[in-house]
Amino acid sequence: MMGSLSIPLLCSILLIGKLPQTVSSFSSLRPPSISNRAKSIETSSTSLFGVRSAIRRARDSVLSRERTDKDLKDGIAFFYDRSSKLWEDVWGEHMHHGYYVPEDRTDHVQAQIDLIDEVLKWAGANDGAPPKKVVDVGCGIGGSSRHIVRKYEGSTAQGITLSPYQANRGNELAKEQGLADRASFQVADALN
């Protein structure tokens, strides 16, 4: 079944990538008012919400074209900007899996918090010198950072993400939780 879907999908992606040329080749078959409206819709809807760039990325991925660092970062930001609200609705403020010990644990939020605490133990944060400053790279909406500053009095956290939505949402939640003076979030690239 998968093999039978891949060829039509590939053709669809390639055709969608050439949609503007295809639409314009049929424009003579339409009345002028519809043709002009189609051009208007075509240019606004394909650029609206990043559809044109999403189609280009899909086509380039299928054709194994090299992407620049900027293309990659833009794609990551685009993905997280559009999916983070759904993830927050599903996962809560911690956008990661949990530490499920005992194995029959069903409280997923507690498992997520336990994972943060296990990583802190592994890093030696509980060995007498709690962290004072934390940089949370790939912070999502900042759940881990806010947990850490609540856990360790006097500590501060700076979260960075490629997603403007996530940085804004992290700052909103920090303000709502009374932690804005100790946890903040910004759009930044950890590699540059």
# chains A, B, ... in the order shown; residues from 1 in each chain; ligands from 1
call {"tool": "residues_around", "arguments": {"residues": "A:Tyr152", "least_positions_apart": "2", "cutoff": "10 Å", "atoms": "only C-alpha atoms", "output": "PDB file with C-alpha atoms, in the first residue's frame"}}
result
ATOM      1  CA  ALA A 125      22.725  20.009  40.514  1.00  0.00           C
ATOM      2  CA  ASN A 126      21.681  18.378  43.781  1.00  0.00           C
ATOM      3  CA  PRO A 130      22.368  24.315  42.960  1.00  0.00           C
ATOM      4  CA  PRO A 131      22.429  26.128  39.629  1.00  0.00           C
ATOM      5  CA  LYS A 132      22.358  29.918  39.775  1.00  0.00           C
ATOM      6  CA  HIS A 147      10.386  24.393  36.952  1.00  0.00           C
ATOM      7  CA  ILE A 148      14.092  24.907  37.664  1.00  0.00           C
ATOM      8  CA  VAL A 149      13.739  28.499  38.916  1.00  0.00           C
ATOM      9  CA  ARG A 150      10.863  27.411  41.176  1.00  0.00           C
ATOM     10  CA  GLY A 154      17.595  32.605  43.578  1.00  0.00           C
ATOM     11  CA  SER A 155      18.305  30.907  40.268  1.00  0.00           C
ATOM     12  CA  THR A 156      17.536  32.484  36.893  1.00  0.00           C
TER      13      THR A 156
END
call {"tool": "residues_around", "arguments": {"residues": "A:Ala183", "least_positions_apart": "5", "cutoff": "10 Å", "atoms": "only C-alpha atoms", "output": "list in words"}}
result
Lys133, Val134, Val135, Gly142, Ser145, Arg146, His147, Ile148, Val149, Arg150, Ser155, Thr156, Ala157, Gln158, Gly159, Gly170, Asn171, Leu173, Ala174, Lys175 and Gly178 of chain A
call {"tool": "residues_around", "arguments": {"residues": "A:Ile160", "least_positions_apart": "5", "cutoff": "10 Å", "atoms": "only C-alpha atoms", "output": "list in words"}}
result
Val135, Asp136, Val137, Gly138, Cys139, Gly140, Ile141, Gly142, Gln166, Ala167, Gly170, Ser184, Phe185, Gln186, Val187, Ala188, Asp189 and Ala190 of chain A
call {"tool": "atom_distance", "arguments": {"atom1": "atom CA of A:Val109", "atom2": "atom CA of A:Gly92"}}
result
7.3 Å
call {"tool": "residues_around", "arguments": {"residues": "A:Phe79", "least_positions_apart": "2", "cutoff": "12 Å", "atoms": "only C-alpha atoms", "output": "MDAnalysis selection string"}}
result
chainID A and resid 49:51 53:54 57 72:77 81:87 162:166
call {"tool": "atom_distance", "arguments": {"atom1": "atom CA of A:Gln112", "atom2": "atom CA of A:Gln177"}}
result
18.4 Å
